[in-house]
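Next up, data04.txt (compact mmCIF, C-alpha atoms):
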```txt
# COMPACT_ATOMS: atom_id res chain seq x y z
CA MET A 1 -9.91 3.11 24.94
CA THR A 2 -9.68 -0.66 25.23
CA GLU A 3 -12.96 -1.24 23.38
CA ARG A 4 -11.88 1.22 20.70
CA LEU A 5 -8.55 -0.54 20.23
CA PHE A 6 -10.32 -3.91 19.89
CA GLN A 7 -12.42 -2.42 17.09
CA GLN A 8 -9.44 -0.76 15.40
CA PHE A 9 -7.48 -4.02 15.36
CA ALA A 10 -10.51 -6.10 14.35
CA PHE A 11 -10.60 -3.93 11.22
CA LEU A 12 -6.82 -3.90 10.67
CA ASN A 13 -6.60 -7.68 11.03
CA GLU A 14 -9.58 -8.23 8.72
CA ALA A 15 -7.98 -5.88 6.16
CA ASP A 16 -5.04 -8.30 6.00
CA ARG A 17 -7.23 -10.55 3.84
CA LEU A 18 -6.97 -8.08 0.94
CA LYS A 19 -3.46 -9.52 0.43
CA SER A 20 -5.12 -12.76 -0.70
CA VAL A 21 -7.48 -11.21 -3.29
CA LEU A 22 -6.00 -11.82 -6.73
CA ARG A 23 -6.44 -9.51 -9.71
CA ALA A 24 -6.44 -10.25 -13.43
CA THR A 25 -3.19 -8.34 -14.00
CA THR A 26 0.20 -9.75 -13.14
CA LEU A 27 3.29 -8.10 -11.67
CA CYS A 28 5.35 -6.17 -14.23
CA ASP A 29 7.72 -9.16 -14.52
CA GLY A 30 4.78 -11.47 -15.25
CA SER A 31 5.83 -13.83 -12.43
CA ARG A 32 2.43 -14.04 -10.73
CA ARG A 33 -0.94 -12.32 -10.41
CA GLU A 34 -1.03 -9.08 -8.47
CA ASN A 35 -3.06 -8.92 -5.26
CA SER A 36 -5.34 -6.03 -4.33
CA ALA A 37 -3.33 -4.92 -1.27
CA GLU A 38 -0.05 -4.43 -3.14
CA HIS A 39 -2.05 -2.87 -6.02
CA SER A 40 -3.45 -0.34 -3.51
CA TRP A 41 0.07 0.46 -2.29
CA HIS A 42 1.25 0.95 -5.86
CA LEU A 43 -1.64 3.33 -6.53
CA ALA A 44 -0.78 5.42 -3.48
CA LEU A 45 2.72 5.72 -4.91
CA TYR A 46 1.23 6.63 -8.32
CA ALA A 47 -0.70 9.45 -6.62
CA MET A 48 2.47 10.82 -5.04
CA VAL A 49 4.57 10.58 -8.21
CA LEU A 50 1.96 11.76 -10.71
CA ALA A 51 0.51 14.53 -8.54
CA ASP A 52 1.56 17.11 -11.15
CA HIS A 53 -1.14 15.68 -13.42
CA ALA A 54 -3.91 16.45 -10.93
CA PRO A 55 -5.99 19.63 -11.32
CA ALA A 56 -5.21 22.32 -8.76
CA ASP A 57 -8.35 21.60 -6.71
CA VAL A 58 -7.34 18.00 -6.01
CA SER A 59 -6.01 17.08 -2.55
CA ILE A 60 -3.39 14.38 -3.15
CA ASP A 61 -3.48 13.37 0.50
CA ARG A 62 -7.22 12.66 0.26
CA VAL A 63 -6.61 10.78 -3.01
CA ILE A 64 -3.98 8.63 -1.26
CA ARG A 65 -6.37 7.79 1.59
CA MET A 66 -9.12 6.98 -0.90
CA LEU A 67 -6.81 4.64 -2.82
CA ILE A 68 -5.65 2.88 0.35
CA LEU A 69 -9.31 2.08 1.16
CA HIS A 70 -10.79 1.69 -2.30
CA ASP A 71 -10.50 -2.09 -2.76
CA LEU A 72 -11.30 -3.32 0.77
CA VAL A 73 -14.76 -4.46 -0.32
CA GLU A 74 -13.02 -7.06 -2.49
CA ILE A 75 -12.33 -9.07 0.67
CA ASP A 76 -15.95 -10.21 0.35
CA VAL A 77 -16.64 -9.71 -3.36
CA GLY A 78 -13.30 -10.46 -5.03
CA ASP A 79 -11.83 -8.47 -7.87
CA VAL A 80 -14.08 -8.16 -10.90
CA PRO A 81 -11.73 -7.65 -13.87
CA ILE A 82 -12.67 -4.71 -16.06
CA HIS A 83 -12.28 -6.74 -19.26
CA SER A 84 -14.12 -9.85 -18.01
CA ALA A 85 -17.51 -10.87 -19.47
CA ASN A 86 -16.72 -8.69 -22.47
CA GLY A 87 -16.57 -5.64 -20.20
CA HIS A 88 -20.04 -6.14 -18.71
CA ALA A 89 -19.35 -7.75 -15.29
CA HIS A 90 -17.44 -4.88 -13.74
CA ALA A 91 -20.18 -2.42 -12.83
CA SER A 92 -23.16 -4.78 -12.91
CA ALA A 93 -26.03 -4.19 -10.50
CA GLU A 94 -25.18 -7.44 -8.70
CA THR A 95 -21.54 -6.42 -8.22
CA ILE A 96 -22.53 -2.99 -6.93
CA ALA A 97 -25.05 -4.45 -4.45
CA ALA A 98 -22.50 -7.00 -3.19
CA GLU A 99 -19.90 -4.26 -2.74
CA GLN A 100 -22.37 -2.19 -0.71
CA ARG A 101 -22.98 -5.12 1.63
CA ALA A 102 -19.23 -5.66 1.92
CA ALA A 103 -18.70 -1.99 2.79
CA ASP A 104 -21.39 -2.25 5.51
CA ARG A 105 -19.68 -5.25 7.06
CA ILE A 106 -16.02 -4.25 6.74
CA PHE A 107 -16.19 -0.55 7.65
CA GLY A 108 -18.71 -1.59 10.32
CA LEU A 109 -15.89 -3.30 12.23
CA LEU A 110 -14.41 0.13 13.03
CA PRO A 111 -15.35 2.54 15.84
CA PRO A 112 -18.37 4.55 14.57
CA ASP A 113 -16.47 7.78 13.86
CA LEU A 114 -13.90 6.04 11.64
CA ALA A 115 -16.54 3.80 10.05
CA ALA A 116 -18.55 6.85 8.94
CA GLN A 117 -15.47 8.70 7.71
CA TYR A 118 -14.09 5.80 5.63
CA ARG A 119 -17.49 4.85 4.26
CA ALA A 120 -17.96 8.41 3.06
CA LEU A 121 -14.54 8.38 1.41
CA TRP A 122 -15.26 5.03 -0.29
CA ASP A 123 -18.72 6.23 -1.43
CA GLU A 124 -17.06 9.33 -2.88
CA PHE A 125 -14.55 7.18 -4.77
CA GLU A 126 -17.29 4.95 -6.15
CA ALA A 127 -19.42 7.90 -7.28
CA VAL A 128 -16.51 9.35 -9.33
CA GLU A 129 -17.94 12.86 -9.18
CA SER A 130 -15.60 14.89 -6.96
CA PRO A 131 -12.25 16.09 -8.35
CA ASP A 132 -10.39 13.86 -5.86
CA ALA A 133 -12.36 10.76 -6.87
CA ILE A 134 -12.01 11.46 -10.58
CA PHE A 135 -8.22 11.71 -10.25
CA ALA A 136 -8.06 8.62 -8.00
CA LYS A 137 -10.06 6.65 -10.57
CA SER A 138 -7.67 7.74 -13.34
CA LEU A 139 -4.79 6.22 -11.42
CA ASP A 140 -6.74 3.03 -10.63
CA ARG A 141 -7.32 2.63 -14.37
CA VAL A 142 -3.85 3.52 -15.63
CA GLN A 143 -1.74 1.30 -13.33
CA PRO A 144 -2.98 -2.01 -14.83
CA VAL A 145 -2.32 -0.61 -18.32
CA MET A 146 1.34 -0.14 -17.40
CA ALA A 147 1.47 -3.58 -15.74
CA ASN A 148 0.04 -5.21 -18.87
CA LEU A 149 2.48 -3.32 -21.10
CA MET A 150 5.48 -4.28 -18.94
CA SER A 151 4.47 -7.94 -18.65
CA GLY A 152 3.86 -8.39 -22.37
CA GLY A 153 0.08 -8.16 -22.56
CA GLY A 154 -1.27 -9.61 -19.30
CA SER A 155 -5.05 -9.37 -19.02
CA TRP A 156 -5.31 -7.95 -22.57
CA LYS A 157 -4.28 -11.40 -23.80
CA THR A 158 -6.47 -13.24 -21.24
CA TYR A 159 -9.57 -11.37 -22.44
CA ASN A 160 -8.61 -10.73 -26.09
CA VAL A 161 -8.87 -6.98 -25.62
CA THR A 162 -8.66 -4.71 -28.67
CA PHE A 163 -7.23 -1.21 -28.66
CA ASP A 164 -10.73 0.22 -29.20
CA GLN A 165 -12.01 -1.69 -26.17
CA LEU A 166 -9.10 -0.39 -24.10
CA GLU A 167 -9.93 3.16 -25.20
CA ALA A 168 -13.61 2.70 -24.33
CA ARG A 169 -13.27 0.85 -21.01
CA VAL A 170 -10.10 2.44 -19.68
CA GLY A 171 -8.83 5.37 -21.74
CA GLY A 172 -11.87 7.55 -21.21
CA LYS A 173 -11.67 7.15 -17.43
CA VAL A 174 -7.95 7.91 -17.31
CA ALA A 175 -8.36 10.89 -19.62
CA ARG A 176 -11.23 12.30 -17.54
CA GLY A 177 -8.94 12.84 -14.55
CA ALA A 178 -5.56 13.18 -16.26
CA PRO A 179 -5.83 13.92 -19.99
CA ARG A 180 -2.13 14.48 -20.74
CA LEU A 181 -1.27 11.37 -18.81
CA TRP A 182 -3.55 9.25 -21.00
CA GLU A 183 -2.21 10.90 -24.13
CA TRP A 184 1.31 9.77 -23.19
CA VAL A 185 0.33 6.29 -21.99
CA ARG A 186 -1.81 5.80 -25.10
CA GLY A 187 1.26 6.47 -27.21
CA GLN A 188 3.22 3.89 -25.23
CA VAL A 189 0.66 1.11 -25.53
CA ARG A 190 -0.64 1.71 -29.08
CA PRO A 191 2.18 -0.27 -30.77
CA TRP A 192 1.45 -3.37 -28.63
CA PHE A 193 -1.96 -3.74 -30.28
CA GLY A 194 -0.31 -3.75 -33.76
CA MET B 1 6.86 16.77 -20.08
CA THR B 2 7.68 13.62 -22.05
CA GLU B 3 11.12 13.23 -20.44
CA ARG B 4 9.57 13.80 -17.02
CA LEU B 5 6.91 11.14 -17.63
CA PHE B 6 9.58 8.65 -18.74
CA GLN B 7 11.37 9.21 -15.43
CA GLN B 8 8.17 9.03 -13.39
CA PHE B 9 7.21 5.69 -14.97
CA ALA B 10 10.78 4.34 -14.79
CA PHE B 11 10.46 4.78 -11.02
CA LEU B 12 6.88 3.47 -10.78
CA ASN B 13 7.72 0.39 -12.83
CA GLU B 14 10.87 -0.30 -10.81
CA ALA B 15 8.86 0.09 -7.60
CA ASP B 16 6.75 -2.88 -8.75
CA ARG B 17 9.64 -5.13 -7.70
CA LEU B 18 8.89 -4.42 -4.02
CA LYS B 19 5.98 -6.86 -4.46
CA SER B 20 8.56 -9.65 -4.81
CA VAL B 21 10.55 -8.85 -1.65
CA LEU B 22 9.55 -11.33 1.05
CA ARG B 23 9.53 -10.61 4.77
CA ALA B 24 10.00 -12.94 7.75
CA THR B 25 6.39 -12.49 8.88
CA THR B 26 3.46 -14.25 7.25
CA LEU B 27 -0.05 -13.07 6.47
CA CYS B 28 -2.38 -13.18 9.48
CA ASP B 29 -3.78 -16.52 8.22
CA GLY B 30 -0.26 -17.98 8.01
CA SER B 31 -0.79 -18.97 4.37
CA ARG B 32 2.41 -17.42 3.00
CA ARG B 33 5.12 -14.87 3.75
CA GLU B 34 4.15 -11.22 3.48
CA ASN B 35 5.83 -9.05 0.84
CA SER B 36 7.11 -5.54 1.48
CA ALA B 37 4.66 -3.80 -0.88
CA GLU B 38 1.52 -5.15 0.78
CA HIS B 39 3.19 -4.57 4.19
CA SER B 40 3.63 -0.90 3.20
CA TRP B 41 -0.05 -0.68 2.24
CA HIS B 42 -1.07 -2.21 5.56
CA LEU B 43 1.09 0.32 7.42
CA ALA B 44 -0.55 3.22 5.60
CA LEU B 45 -3.89 1.83 6.77
CA TYR B 46 -2.49 1.47 10.30
CA ALA B 47 -1.54 5.17 10.20
CA MET B 48 -5.08 6.14 9.21
CA VAL B 49 -6.81 3.92 11.76
CA LEU B 50 -4.47 4.52 14.71
CA ALA B 51 -4.02 8.26 14.15
CA ASP B 52 -5.58 8.95 17.54
CA HIS B 53 -2.41 7.49 19.11
CA ALA B 54 -0.16 10.05 17.44
CA PRO B 55 0.97 13.13 19.37
CA ALA B 56 -0.72 16.35 18.26
CA ASP B 57 2.33 17.57 16.33
CA VAL B 58 2.33 14.55 14.00
CA SER B 59 1.09 14.96 10.43
CA ILE B 60 -0.61 11.68 9.55
CA ASP B 61 -0.50 12.52 5.84
CA ARG B 62 3.30 12.86 6.01
CA VAL B 63 3.47 9.62 8.00
CA ILE B 64 1.45 7.85 5.30
CA ARG B 65 3.77 9.12 2.54
CA MET B 66 6.79 8.07 4.59
CA LEU B 67 5.38 4.57 5.07
CA ILE B 68 4.57 4.20 1.38
CA LEU B 69 8.23 4.91 0.55
CA HIS B 70 10.00 3.43 3.56
CA ASP B 71 10.83 -0.05 2.23
CA LEU B 72 11.68 0.75 -1.42
CA VAL B 73 15.41 0.27 -0.73
CA GLU B 74 14.62 -3.41 -0.10
CA ILE B 75 14.32 -3.86 -3.86
CA ASP B 76 18.13 -3.95 -3.84
CA VAL B 77 18.90 -5.00 -0.27
CA GLY B 78 16.05 -7.35 0.64
CA ASP B 79 14.26 -7.36 3.97
CA VAL B 80 16.56 -7.85 6.97
CA PRO B 81 14.36 -9.41 9.68
CA ILE B 82 14.59 -7.66 13.03
CA HIS B 83 15.01 -10.93 14.95
CA SER B 84 17.57 -12.49 12.55
CA ALA B 85 21.20 -13.06 13.63
CA ASN B 86 20.04 -12.78 17.25
CA GLY B 87 18.86 -9.22 16.58
CA HIS B 88 22.22 -7.97 15.27
CA ALA B 89 21.78 -7.99 11.46
CA HIS B 90 19.04 -5.41 11.24
CA ALA B 91 20.90 -2.11 11.71
CA SER B 92 24.42 -3.31 10.92
CA ALA B 93 26.83 -0.90 9.22
CA GLU B 94 26.81 -3.08 6.09
CA THR B 95 23.00 -3.03 5.88
CA ILE B 96 22.88 0.73 6.37
CA ALA B 97 25.52 1.35 3.67
CA ALA B 98 23.72 -0.96 1.22
CA GLU B 99 20.43 0.82 1.87
CA GLN B 100 22.06 4.18 1.20
CA ARG B 101 23.33 2.93 -2.19
CA ALA B 102 19.86 1.55 -2.94
CA ALA B 103 18.25 4.89 -2.09
CA ASP B 104 20.72 6.66 -4.43
CA ARG B 105 19.81 4.34 -7.28
CA ILE B 106 16.06 4.00 -6.80
CA PHE B 107 15.11 7.58 -5.94
CA GLY B 108 17.63 8.63 -8.61
CA LEU B 109 15.27 7.27 -11.26
CA LEU B 110 12.84 10.11 -10.54
CA PRO B 111 12.85 13.68 -11.87
CA PRO B 112 15.28 15.66 -9.62
CA ASP B 113 12.59 17.53 -7.65
CA LEU B 114 10.78 14.32 -6.65
CA ALA B 115 14.05 12.45 -6.07
CA ALA B 116 15.19 15.09 -3.55
CA GLN B 117 11.80 15.23 -1.84
CA TYR B 118 11.44 11.45 -1.40
CA ARG B 119 15.06 10.97 -0.37
CA ALA B 120 14.58 13.57 2.35
CA LEU B 121 11.44 11.83 3.55
CA TRP B 122 13.20 8.44 3.59
CA ASP B 123 16.23 9.91 5.39
CA GLU B 124 13.87 11.40 7.96
CA PHE B 125 12.21 8.02 8.50
CA GLU B 126 15.56 6.28 8.90
CA ALA B 127 16.84 8.86 11.38
CA VAL B 128 13.78 8.34 13.66
CA GLU B 129 14.16 11.77 15.23
CA SER B 130 11.20 13.82 14.02
CA PRO B 131 7.74 13.28 15.56
CA ASP B 132 6.42 12.00 12.19
CA ALA B 133 9.26 9.47 11.82
CA ILE B 134 8.97 8.28 15.44
CA PHE B 135 5.26 7.57 14.99
CA ALA B 136 5.83 5.93 11.58
CA LYS B 137 8.47 3.66 13.10
CA SER B 138 6.06 2.66 15.90
CA LEU B 139 3.60 1.43 13.30
CA ASP B 140 6.32 -0.36 11.29
CA ARG B 141 7.27 -2.23 14.48
CA VAL B 142 3.77 -3.03 15.75
CA GLN B 143 2.23 -4.45 12.56
CA PRO B 144 4.45 -7.59 12.48
CA VAL B 145 3.66 -8.16 16.16
CA MET B 146 -0.04 -8.40 15.31
CA ALA B 147 0.70 -10.58 12.26
CA ASN B 148 2.74 -12.98 14.41
CA LEU B 149 0.04 -13.08 17.06
CA MET B 150 -2.72 -13.76 14.50
CA SER B 151 -0.73 -16.44 12.66
CA GLY B 152 0.24 -18.33 15.83
CA GLY B 153 3.81 -17.16 16.35
CA GLY B 154 5.29 -16.51 12.90
CA SER B 155 8.82 -15.11 13.02
CA TRP B 156 8.91 -15.44 16.84
CA LYS B 157 8.99 -19.21 16.31
CA THR B 158 11.44 -18.98 13.37
CA TYR B 159 13.94 -17.07 15.46
CA ASN B 160 13.11 -18.47 18.96
CA VAL B 161 12.25 -15.00 20.24
CA THR B 162 11.64 -14.54 23.98
CA PHE B 163 9.27 -11.96 25.43
CA ASP B 164 12.25 -10.02 26.81
CA GLN B 165 13.79 -9.89 23.34
CA LEU B 166 10.50 -8.68 21.89
CA GLU B 167 10.37 -5.95 24.53
CA ALA B 168 13.95 -4.92 23.81
CA ARG B 169 13.92 -5.06 19.98
CA VAL B 170 10.33 -4.00 19.31
CA GLY B 171 8.46 -2.83 22.39
CA GLY B 172 10.71 0.12 23.10
CA LYS B 173 10.36 1.45 19.54
CA VAL B 174 6.57 1.08 19.53
CA ALA B 175 6.28 2.67 22.96
CA ARG B 176 8.48 5.59 21.95
CA GLY B 177 5.94 6.76 19.36
CA ALA B 178 2.73 5.34 20.80
CA PRO B 179 3.03 4.35 24.49
CA ARG B 180 -0.61 3.45 25.15
CA LEU B 181 -0.70 1.42 21.95
CA TRP B 182 2.24 -0.70 23.10
CA GLU B 183 0.70 -1.11 26.53
CA TRP B 184 -2.40 -2.62 24.94
CA VAL B 185 -0.57 -4.75 22.37
CA ARG B 186 1.84 -5.97 25.06
CA GLY B 187 -1.13 -7.25 27.04
CA GLN B 188 -2.44 -9.06 23.96
CA VAL B 189 0.83 -10.83 23.15
CA ARG B 190 2.16 -11.56 26.66
CA PRO B 191 0.15 -14.80 27.09
CA TRP B 192 1.57 -16.25 23.84
CA PHE B 193 5.06 -16.33 25.38
CA GLY B 194 3.73 -18.38 28.35
```

Write out the structure in this file as structure tokens.
Amino acid sequence: MTERLFQQFAFLNEADRLKSVLRATTLCDGSRRENSAEHSWHLALYAMVLADHAPADVSIDRVIRMLILHDLVEIDVGDVPIHSANGHAHASAETIAAEQRAADRIFGLLPPDLAAQYRALWDEFEAVESPDAIFAKSLDRVQPVMANLMSGGGSWKTYNVTFDQLEARVGGKVARGAPRLWEWVRGQVRPWFG
Amino acid sequence: MTERLFQQFAFLNEADRLKSVLRATTLCDGSRRENSAEHSWHLALYAMVLADHAPADVSIDRVIRMLILHDLVEIDVGDVPIHSANGHAHASAETIAAEQRAADRIFGLLPPDLAAQYRALWDEFEAVESPDAIFAKSLDRVQPVMANLMSGGGSWKTYNVTFDQLEARVGGKVARGAPRLWEWVRGQVRPWFG
């Protein structure tokens, strides 16, 4: 048990570093940039509150676990803003390879049973094919939209994002998992873009 | 649906303010004080990773939901450090009354069904009587112990905490929900107190 606890806390202490990974979006009050740990907490709360937008075959508890883990690789790779490099940096081959190496290292700190379980959950999130992952990804995409709207533009201003770019890079992914949710959010943000 | 979504997002946007509530403990690297949103995320991860320390009748998914919600009242009340005022401020009658008013206001932003559900979960956490709440409270008490240990003392130094005080204010609550966990953590922290 002692060896297992050393591994569990090696992982939990390493995970603390996610609190120092800064994202492109700010808090809703615009006071500072959001970090990836508090973003992950907010997404877990999104999953609880917006569960009525998930299809019936989605397990919200699995979605919550997925969202708690989903950004841990950023401890090594950092956050790659979706609108940076004109929308091309986010899912580049280099970023994906670096995130795979990060997942090997970080989940590898855990006892083997937990390492395998969390790696599978993270792989599922990244693949965006299962109903749980598709809904989780919708939430991951919609939360920064609300943060930008509340803070007066946020990363839309930083990267000169147009409404069409938002639709293409973000709207489609939100709508895939939660179509009525995107319809409503779209209506809220449309006026901001003039 | 539109009215419901307005209420859901009124709550989710208000919840963002938890990211600005600062705690007495710092990040593990000592670089800054931890906020209550990222603390809540870390606790959800603790629940996942340390689930094997929970008694068999504990639902880890309920524990995770409880931990995601447990500090929202601090948006109005702030964090009351467990070692402040020589250990007497934390569960004072004034603090408890203020937290009740905060719960009324904050959960009251939600649609009635969600408001009732989350309030019941928060009340259960605060009462620390159910197996789920007792385990959740163990994690809430043990995470700052690890943060203080990693950062070289943290709030133990701020408040001149002795090992006996740590045992009395923290150890008992961790041990109540996870006795073997406290036994191990106790052994890790004992040398720090000399």

>> Can you work out which residues from chain B touch chain A at a cut-off of 7 Å (counting all atoms listed in the file) and hand them back as a list of chain:residue names?
In response: B:Gln8, B:Leu12, B:Asp16, B:Lys19, B:Leu27, B:Cys28, B:Ala37, B:Glu38, B:Ser40, B:Trp41, B:Leu45, B:Tyr46, B:Val49, B:Asp61, B:Ile68

>> Which residue is closest to Arg23 (chain B)? Choose from B:Val142, B:Ser155, B:Arg119, B:Val128 and count only C-alpha atoms.
In response: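 Of B:Val142, B:Ser155, B:Arg119, B:Val128, the one nearest Arg23 (chain B), counting only C-alpha atoms, is B:Ser155.
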
>> Would you compute the distance between CA of Ala168 (chain A) and CA of Gly87 (chain A)? Give it in Å to one decimal.
In response: 9.8 Å

>> Can you measure CA of Val145 (chain B) to CA of Thr25 (chain B) for me? One decimal in Å is fine.
In response: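 Going from CA of Val145 (chain B) over to CA of Thr25 (chain B), I get 8.9 Å.
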
>> Quick check, in Å to one decimal: how far apart do CA of Ala133 (chain A) and CA of Ile82 (chain A) lie?
In response: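 A separation of 18.0 Å between them.
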